[in-house]
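K.L.:
mmCIF, C-alpha atoms and all ligand atoms, saved as data.cif, coming up:
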```cif
data_start
#
loop_
_atom_site.group_PDB
_atom_site.id
_atom_site.type_symbol
_atom_site.label_atom_id
_atom_site.label_comp_id
_atom_site.auth_asym_id
_atom_site.auth_seq_id
_atom_site.Cartn_x
_atom_site.Cartn_y
_atom_site.Cartn_z
ATOM 1 C CA MET A 1 151.783 80.148 46.818
ATOM 2 C CA GLN A 2 151.765 83.846 47.695
ATOM 3 C CA THR A 3 155.121 85.475 48.424
ATOM 4 C CA THR A 4 155.409 88.703 50.384
ATOM 5 C CA GLN A 5 158.182 91.248 49.886
ATOM 6 C CA THR A 6 161.663 90.632 51.234
ATOM 7 C CA LEU A 7 162.040 92.041 54.752
ATOM 8 C CA THR A 8 165.104 93.141 56.693
ATOM 9 C CA LEU A 9 164.451 92.454 60.361
ATOM 10 C CA ALA A 10 166.286 91.995 63.661
ATOM 11 C CA ASN A 11 170.009 91.276 63.422
ATOM 12 C CA ASP A 12 169.865 92.664 59.851
ATOM 13 C CA GLN A 13 168.457 89.325 58.767
ATOM 14 C CA ILE A 14 167.048 89.384 55.216
ATOM 15 C CA SER A 15 163.974 87.145 55.073
ATOM 16 C CA ARG A 16 161.668 86.173 52.221
ATOM 17 C CA TRP A 17 158.269 85.006 53.429
ATOM 18 C CA HIS A 18 156.179 82.495 51.465
ATOM 19 C CA SER A 19 152.683 81.395 52.507
ATOM 20 C CA PHE A 20 151.038 78.140 51.414
ATOM 21 C CA ALA A 21 147.415 77.012 51.615
ATOM 22 C CA THR A 22 147.828 73.285 52.233
ATOM 23 C CA GLN A 23 150.293 70.823 53.756
ATOM 24 C CA ASP A 24 150.764 69.213 50.357
ATOM 25 C CA GLU A 25 151.570 72.585 48.757
ATOM 26 C CA ILE A 26 154.233 73.508 51.328
ATOM 27 C CA ASN A 27 155.707 70.001 51.261
ATOM 28 C CA GLN A 28 155.941 69.985 47.453
ATOM 29 C CA ALA A 29 157.514 73.456 47.471
ATOM 30 C CA ALA A 30 160.064 72.405 50.076
ATOM 31 C CA VAL A 31 160.972 69.258 48.114
ATOM 32 C CA ALA A 32 161.334 71.327 44.926
ATOM 33 C CA ARG A 33 163.558 73.854 46.720
ATOM 34 C CA ILE A 34 165.770 71.094 48.168
ATOM 35 C CA LEU A 35 166.111 69.263 44.826
ATOM 36 C CA GLN A 36 166.924 72.534 43.044
ATOM 37 C CA ALA A 37 169.587 73.361 45.625
ATOM 38 C CA ALA A 38 171.036 69.881 45.171
ATOM 39 C CA HIS A 39 171.101 70.228 41.375
ATOM 40 C CA GLU A 40 172.898 73.571 41.572
ATOM 41 C CA ALA A 41 175.412 72.443 44.218
ATOM 42 C CA ILE A 42 176.268 69.207 42.432
ATOM 43 C CA ALA A 43 176.758 71.133 39.172
ATOM 44 C CA GLN A 44 179.039 73.634 40.920
ATOM 45 C CA TYR A 45 180.858 71.557 43.556
ATOM 46 C CA GLY A 46 180.192 67.929 42.674
ATOM 47 C CA SER A 47 178.450 67.465 46.016
ATOM 48 C CA PHE A 48 175.416 68.695 47.973
ATOM 49 C CA LEU A 49 175.811 69.514 51.664
ATOM 50 C CA ILE A 50 172.432 69.756 53.379
ATOM 51 C CA VAL A 51 171.756 70.292 57.093
ATOM 52 C CA LEU A 52 168.496 68.742 58.297
ATOM 53 C CA ALA A 53 166.029 70.237 60.736
ATOM 54 C CA GLY A 54 164.765 68.168 63.623
ATOM 55 C CA GLY A 55 161.421 68.198 65.376
ATOM 56 C CA SER A 56 158.186 67.062 63.727
ATOM 57 C CA THR A 57 157.559 69.654 60.994
ATOM 58 C CA PRO A 58 160.020 68.368 58.378
ATOM 59 C CA LYS A 59 158.972 64.687 58.656
ATOM 60 C CA SER A 60 156.382 64.859 55.850
ATOM 61 C CA VAL A 61 158.920 66.580 53.586
ATOM 62 C CA TYR A 62 161.457 63.825 54.326
ATOM 63 C CA GLN A 63 158.824 61.189 53.524
ATOM 64 C CA LEU A 64 158.294 62.788 50.092
ATOM 65 C CA LEU A 65 162.060 62.941 49.476
ATOM 66 C CA ALA A 66 162.152 59.176 50.083
ATOM 67 C CA LYS A 67 160.091 58.771 46.901
ATOM 68 C CA GLU A 68 162.242 61.046 44.740
ATOM 69 C CA GLN A 69 164.918 60.126 42.211
ATOM 70 C CA ALA A 70 168.081 62.152 42.802
ATOM 71 C CA ASP A 71 171.847 61.888 42.424
ATOM 72 C CA TRP A 72 171.955 60.528 45.983
ATOM 73 C CA ALA A 73 175.599 59.469 45.722
ATOM 74 C CA LYS A 74 176.528 63.166 45.784
ATOM 75 C CA TRP A 75 174.414 64.077 48.841
ATOM 76 C CA HIS A 76 176.044 64.659 52.258
ATOM 77 C CA ILE A 77 173.650 64.839 55.222
ATOM 78 C CA TYR A 78 174.228 66.806 58.429
ATOM 79 C CA HIS A 79 171.867 67.719 61.303
ATOM 80 C CA ASN A 80 171.524 71.180 62.804
ATOM 81 C CA ASP A 81 170.989 69.675 66.236
ATOM 82 C CA ASP A 82 170.097 66.516 68.115
ATOM 83 C CA ARG A 83 168.981 65.466 71.537
ATOM 84 C CA CYS A 84 171.237 63.599 73.996
ATOM 85 C CA LEU A 85 169.333 60.321 73.887
ATOM 86 C CA PRO A 86 170.246 56.768 72.800
ATOM 87 C CA VAL A 87 170.893 56.342 69.060
ATOM 88 C CA ASP A 88 167.607 54.507 68.394
ATOM 89 C CA HIS A 89 165.448 56.591 70.731
ATOM 90 C CA ILE A 90 162.182 57.644 69.053
ATOM 91 C CA GLU A 91 162.892 61.298 69.939
ATOM 92 C CA ARG A 92 166.259 61.437 68.156
ATOM 93 C CA ASN A 93 166.242 63.774 65.159
ATOM 94 C CA SER A 94 168.630 61.448 63.315
ATOM 95 C CA LYS A 95 166.279 58.480 63.826
ATOM 96 C CA MET A 96 163.318 60.471 62.493
ATOM 97 C CA ALA A 97 165.247 61.416 59.338
ATOM 98 C CA ARG A 98 166.511 57.865 58.758
ATOM 99 C CA ASP A 99 163.095 56.260 59.278
ATOM 100 C CA ALA A 100 161.249 58.832 57.117
ATOM 101 C CA TRP A 101 163.832 59.178 54.323
ATOM 102 C CA LEU A 102 167.484 58.212 54.606
ATOM 103 C CA ASN A 103 166.907 54.463 55.031
ATOM 104 C CA HIS A 104 164.960 54.478 51.767
ATOM 105 C CA VAL A 105 167.431 56.127 49.358
ATOM 106 C CA ALA A 106 170.958 55.292 48.195
ATOM 107 C CA ILE A 107 172.933 57.971 50.006
ATOM 108 C CA PRO A 108 176.236 56.279 50.984
ATOM 109 C CA GLN A 109 176.199 55.593 54.740
ATOM 110 C CA GLU A 110 179.536 57.363 55.147
ATOM 111 C CA GLN A 111 177.867 60.509 53.829
ATOM 112 C CA ILE A 112 175.154 60.557 56.490
ATOM 113 C CA HIS A 113 176.649 62.412 59.449
ATOM 114 C CA ASP A 114 174.464 61.929 62.524
ATOM 115 C CA ILE A 115 175.390 63.972 65.578
ATOM 116 C CA PRO A 116 176.741 61.454 68.161
ATOM 117 C CA ALA A 117 174.511 63.011 70.822
ATOM 118 C CA GLU A 118 174.376 59.648 72.630
ATOM 119 C CA LEU A 119 177.903 60.481 73.835
ATOM 120 C CA GLY A 120 176.465 63.372 75.848
ATOM 121 C CA ASN A 121 176.414 67.055 74.951
ATOM 122 C CA VAL A 122 180.081 67.883 75.587
ATOM 123 C CA GLU A 123 181.655 64.799 73.997
ATOM 124 C CA GLY A 124 179.026 64.726 71.222
ATOM 125 C CA ALA A 125 179.740 68.353 70.332
ATOM 126 C CA LYS A 126 183.506 67.754 70.274
ATOM 127 C CA ALA A 127 183.086 64.778 67.970
ATOM 128 C CA TYR A 128 180.723 66.646 65.629
ATOM 129 C CA ALA A 129 183.006 69.675 65.499
ATOM 130 C CA THR A 130 185.683 67.292 64.212
ATOM 131 C CA THR A 131 183.245 65.985 61.586
ATOM 132 C CA LEU A 132 182.582 69.550 60.387
ATOM 133 C CA GLU A 133 186.245 70.616 60.432
ATOM 134 C CA GLY A 134 187.434 71.944 57.069
ATOM 135 C CA LEU A 135 184.033 71.479 55.424
ATOM 136 C CA ARG A 136 183.086 74.043 52.820
ATOM 137 C CA ALA A 137 179.979 76.212 53.245
ATOM 138 C CA PHE A 138 176.738 74.279 53.517
ATOM 139 C CA ASP A 139 174.516 74.419 50.451
ATOM 140 C CA LEU A 140 171.181 74.392 52.260
ATOM 141 C CA VAL A 141 170.281 74.554 55.953
ATOM 142 C CA LEU A 142 166.761 73.452 56.887
ATOM 143 C CA LEU A 143 165.417 74.890 60.131
ATOM 144 C CA GLY A 144 162.284 74.730 62.234
ATOM 145 C CA LEU A 145 160.870 77.375 64.560
ATOM 146 C CA GLY A 146 159.931 76.765 68.163
ATOM 147 C CA GLU A 147 156.904 78.414 69.767
ATOM 148 C CA ASP A 148 159.366 80.516 71.812
ATOM 149 C CA GLY A 149 161.257 81.586 68.684
ATOM 150 C CA HIS A 150 164.094 79.069 69.062
ATOM 151 C CA THR A 151 165.665 77.394 66.075
ATOM 152 C CA ALA A 152 168.004 74.411 65.998
ATOM 153 C CA SER A 153 168.959 74.349 69.677
ATOM 154 C CA LEU A 154 169.516 78.083 69.943
ATOM 155 C CA PHE A 155 167.114 79.080 72.708
ATOM 156 C CA PRO A 156 165.962 82.469 74.011
ATOM 157 C CA GLY A 157 167.970 83.795 76.951
ATOM 158 C CA GLN A 158 170.831 81.341 76.441
ATOM 159 C CA ALA A 159 174.300 82.730 75.793
ATOM 160 C CA LEU A 160 175.487 82.165 72.236
ATOM 161 C CA ASP A 161 178.410 79.741 72.030
ATOM 162 C CA ASN A 162 180.371 80.142 68.804
ATOM 163 C CA SER A 163 183.547 78.628 70.268
ATOM 164 C CA ALA A 164 183.316 75.693 67.819
ATOM 165 C CA ASP A 165 181.309 74.505 64.810
ATOM 166 C CA ALA A 166 179.267 72.249 67.119
ATOM 167 C CA VAL A 167 178.607 73.073 70.744
ATOM 168 C CA PRO A 168 176.902 71.518 73.790
ATOM 169 C CA VAL A 169 173.531 72.817 74.979
ATOM 170 C CA PHE A 170 172.635 72.669 78.669
ATOM 171 C CA ASN A 171 169.208 73.326 80.254
ATOM 172 C CA SER A 172 167.272 73.317 76.991
ATOM 173 C CA PRO A 173 163.702 74.458 77.774
ATOM 174 C CA LYS A 174 162.541 71.914 75.180
ATOM 175 C CA PRO A 175 163.286 68.419 76.524
ATOM 176 C CA PRO A 176 165.709 66.838 76.746
ATOM 177 C CA THR A 177 167.754 69.440 78.558
ATOM 178 C CA ASP A 178 171.053 68.232 77.062
ATOM 179 C CA ARG A 179 171.559 68.632 73.323
ATOM 180 C CA VAL A 180 174.196 69.249 70.684
ATOM 181 C CA THR A 181 173.748 72.023 68.126
ATOM 182 C CA ILE A 182 175.704 73.350 65.202
ATOM 183 C CA SER A 183 176.726 76.834 66.309
ATOM 184 C CA GLN A 184 175.068 80.000 65.036
ATOM 185 C CA SER A 185 178.214 81.075 63.193
ATOM 186 C CA ARG A 186 178.594 77.716 61.438
ATOM 187 C CA LEU A 187 174.908 77.610 60.485
ATOM 188 C CA ASN A 188 175.385 81.039 58.912
ATOM 189 C CA ASN A 189 178.181 79.680 56.709
ATOM 190 C CA THR A 190 175.754 78.509 54.048
ATOM 191 C CA HIS A 191 174.526 79.263 50.529
ATOM 192 C CA GLY A 192 170.863 78.875 51.508
ATOM 193 C CA VAL A 193 168.469 78.623 54.446
ATOM 194 C CA LEU A 194 164.921 77.280 54.412
ATOM 195 C CA PHE A 195 162.729 77.612 57.494
ATOM 196 C CA LEU A 196 159.619 75.418 57.635
ATOM 197 C CA VAL A 197 156.969 76.949 59.892
ATOM 198 C CA THR A 198 153.578 75.284 60.248
ATOM 199 C CA GLY A 199 150.714 75.559 62.727
ATOM 200 C CA ALA A 200 148.990 78.282 64.704
ATOM 201 C CA GLY A 201 151.226 77.461 67.682
ATOM 202 C CA LYS A 202 154.019 79.325 65.886
ATOM 203 C CA GLN A 203 151.987 82.515 65.374
ATOM 204 C CA ASN A 204 153.374 84.353 68.424
ATOM 205 C CA ALA A 205 156.947 83.562 67.375
ATOM 206 C CA VAL A 206 156.206 84.755 63.818
ATOM 207 C CA ASN A 207 154.621 87.951 65.185
ATOM 208 C CA ASP A 208 157.742 88.610 67.272
ATOM 209 C CA TRP A 209 159.944 87.836 64.275
ATOM 210 C CA LEU A 210 158.075 90.288 62.032
ATOM 211 C CA ASN A 211 157.942 92.938 64.747
ATOM 212 C CA GLY A 212 161.735 92.987 64.918
ATOM 213 C CA VAL A 213 162.074 91.052 68.163
ATOM 214 C CA ALA A 214 165.502 89.415 68.148
ATOM 215 C CA ILE A 215 164.257 85.842 68.653
ATOM 216 C CA PRO A 216 166.928 83.162 68.083
ATOM 217 C CA ALA A 217 165.568 82.495 64.547
ATOM 218 C CA THR A 218 166.836 85.974 63.573
ATOM 219 C CA LEU A 219 170.376 84.927 64.497
ATOM 220 C CA ILE A 220 170.416 82.890 61.282
ATOM 221 C CA ALA A 221 171.355 85.778 58.998
ATOM 222 C CA PRO A 222 173.622 84.647 56.142
ATOM 223 C CA LYS A 223 174.334 87.102 53.300
ATOM 224 C CA CYS A 224 172.022 85.063 51.038
ATOM 225 C CA GLY A 225 169.088 85.742 53.373
ATOM 226 C CA VAL A 226 166.601 83.142 54.560
ATOM 227 C CA ASP A 227 163.407 81.766 53.026
ATOM 228 C CA VAL A 228 160.513 81.099 55.387
ATOM 229 C CA TYR A 229 157.836 78.691 54.129
ATOM 230 C CA CYS A 230 154.668 79.089 56.212
ATOM 231 C CA LEU A 231 151.422 77.174 56.621
ATOM 232 C CA GLY A 232 148.712 78.072 59.105
ATOM 233 C CA VAL A 233 150.399 81.246 60.328
ATOM 234 C CA LYS A 234 149.448 84.764 59.297
ATOM 235 C CA PHE A 235 151.889 87.501 58.307
HETATM 236 C C1 LIG B 301 164.447 69.952 67.957
HETATM 237 C C2 LIG B 301 164.588 70.903 66.796
HETATM 238 C C3 LIG B 301 163.881 72.196 67.077
HETATM 239 C C4 LIG B 301 162.620 72.168 66.231
HETATM 240 C C5 LIG B 301 161.633 73.216 66.680
HETATM 241 C C6 LIG B 301 160.300 73.015 65.946
HETATM 242 O O1 LIG B 301 165.386 69.205 68.236
HETATM 243 O O2 LIG B 301 163.377 69.966 68.548
HETATM 244 O O3 LIG B 301 165.800 71.056 66.347
HETATM 245 O O4 LIG B 301 164.633 73.340 66.773
HETATM 246 O O5 LIG B 301 162.984 72.386 64.858
HETATM 247 O O6 LIG B 301 161.441 73.058 68.077
HETATM 248 O O7 LIG B 301 159.814 71.732 66.307
HETATM 249 P P1 LIG B 301 158.472 71.157 65.603
HETATM 250 O O8 LIG B 301 158.805 71.021 64.140
HETATM 251 O O9 LIG B 301 158.254 69.807 66.269
HETATM 252 O O10 LIG B 301 157.382 72.154 65.849
#
```
Spell out the structure here as structure tokens.
Ligand code: 6PG
P.N.:
Amino acid sequence: MQTTQTLTLANDQISRWHSFATQDEINQAAVARILQAAHEAIAQYGSFLIVLAGGSTPKSVYQLLAKEQADWAKWHIYHNDDRCLPVDHIERNSKMARDAWLNHVAIPQEQIHDIPAELGNVEGAKAYATTLEGLRAFDLVLLGLGEDGHTASLFPGQALDNSADAVPVFNSPKPPTDRVTISQSRLNNTHGVLFLVTGAGKQNAVNDWLNGVAIPATLIAPKCGVDVYCLGVKF
């Protein structure tokens, strides 16, 4: 693994960039980072609050986590966004995480908090905002990066909605159009952020990011900074 210097970019986001040579290397590093964050949070708070990324990139990391031994009873799972589709639809982020990982480890069901996006974006967001109410800061937020620089369901050119901890998304350029996302401000209330960025398709978004373009990924700017694990993109 080769780590570049820490950069301060758009929106005063502090980012630490890490490049990896193979899929196995980045997956193993991500698993190690997640397990370390869990160990530290459980030692400090007695629980580990992790927010999962959707899309396809994190699936292989989740599949490795399914084989790990961990203090699963102390893990609490959230999602940074989900699509407004039926609960068991193949494109649901919550289904991907359950199939790849959560159905294979002993995290108590009541500690796996899927976004009820099947209720629709407005009702789903209201329900999830209630789930998040009063929750302490997240311990680790996992995020992907879209080819247009989006992250979670924060898309370019869309007005930021920080009116609640979870908000509805309309007209998403990435189907389906209706989604639910944790808001930018709530995602920033965290002790750690790990972006997973793989594939040449993300190069333009990474170039914009590094050139100080305020793509939505730069809106995730907690005091702790963000770590960006990259494979197949140059920086
Ligand atoms: C989603 C995700 C989205 C995703 C990026 C990257 O619901 O699609 O939340 O933000 O993380 O679009 O997707 P890939 O990992 O599939 O490239």
K.L.:
Excluding Ala117 of chain A and its own-chain neighbours fewer than 6 positions away, which residues fall within 10 Å of it when counting only C-alpha atoms? Please give them as a ChimeraX atom specification.
P.N.:
/A:81-87,92,94,123-125,127-128,168,178-181
K.L.:
Residues proximal to (177.0, 81.4, 60.0) were defined as those with any atom within 12 Å of that point in the file's coordinates, counting all atoms listed in the file. Which are they, as a PyMOL selection string?
P.N.:
chain A and resi 13+80+136-138+140-141+162+164-166+182-193+218-226
K.L.:
Is there a way to get, as a list in words, all residues within 8 Å of the point (162.4, 65.5, 44.8) in file coordinates, counting only C-alpha atoms?
P.N.:
Val31, Ala32, Ile34, Leu35, Leu64, Leu65, Lys67, Glu68, Gln69 and Ala70 of chain A
K.L.:
Enumerate as a PyMOL selection string the residues within 10 Å of ligand LIG 301 (chain B), counting all atoms listed in the file.
P.N.:
chain A and resi 52-59+79-84+91-94+142-155+172+174-176+179-181+195-199+201-202+217
K.L.:
Quick one: residues within 8 Å of His76 of chain A, all atoms listed in the file counted, chain neighbours fewer than 2 positions away excluded, as a list of chain:residue names?
P.N.:
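Answer for this query is A:Ser47, A:Phe48, A:Leu49, A:Ile50, A:Lys74, A:Tyr78, A:Ile107, A:Gln111, A:Ile112, A:His113.
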K.L.:
Return the single residue from A:Pro216, A:Thr22, A:Ala30, A:Ala106 that is closest to Ala159 of chain A, with distances computed using only C-alpha atoms.
P.N.:
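Using only C-alpha atoms, Ala159 of chain A sits closest to A:Pro216.
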K.L.:
So that I can check the surroundings of Trp17 of chain A, please list as a ChimeraX atom specification every protein, DNA and RNA residue that reaches within 12 Å of it, counting all atoms listed in the file and ignoring chain neighbours fewer than 5 positions away.
P.N.:
/A:1-9,194-197,206,209-210,225-231,233-235
K.L.:
Quick one: of A:Pro116, A:Val122, A:Asp139, A:Thr130, who's nearest to His39 of chain A, counting only C-alpha atoms?
P.N.:
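The shortest atom-to-atom distance to His39 of chain A comes from A:Asp139.
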K.L.:
Of the candidates A:Ser163, A:Ala21, A:Gln63, A:Ala38, which one gets nearest to Trp101 of chain A if we count all atoms listed in the file?
P.N.:
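Closest residue, counting all atoms listed in the file: A:Gln63.
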K.L.:
Determine the nearest neighbour of Leu132 of chain A from the options A:Ala200, A:Val61, A:Ala66, A:Val51, counting all atoms listed in the file.
P.N.:
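Closest to Leu132 of chain A of all the choices is A:Val51.
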K.L.:
One decimal, in Å: what's the spacing between atom CA of Ala205 of chain A and atom CA of Ile14 of chain A?
P.N.:
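We find that atom CA of Ala205 of chain A and atom CA of Ile14 of chain A lie 16.8 Å from each other.
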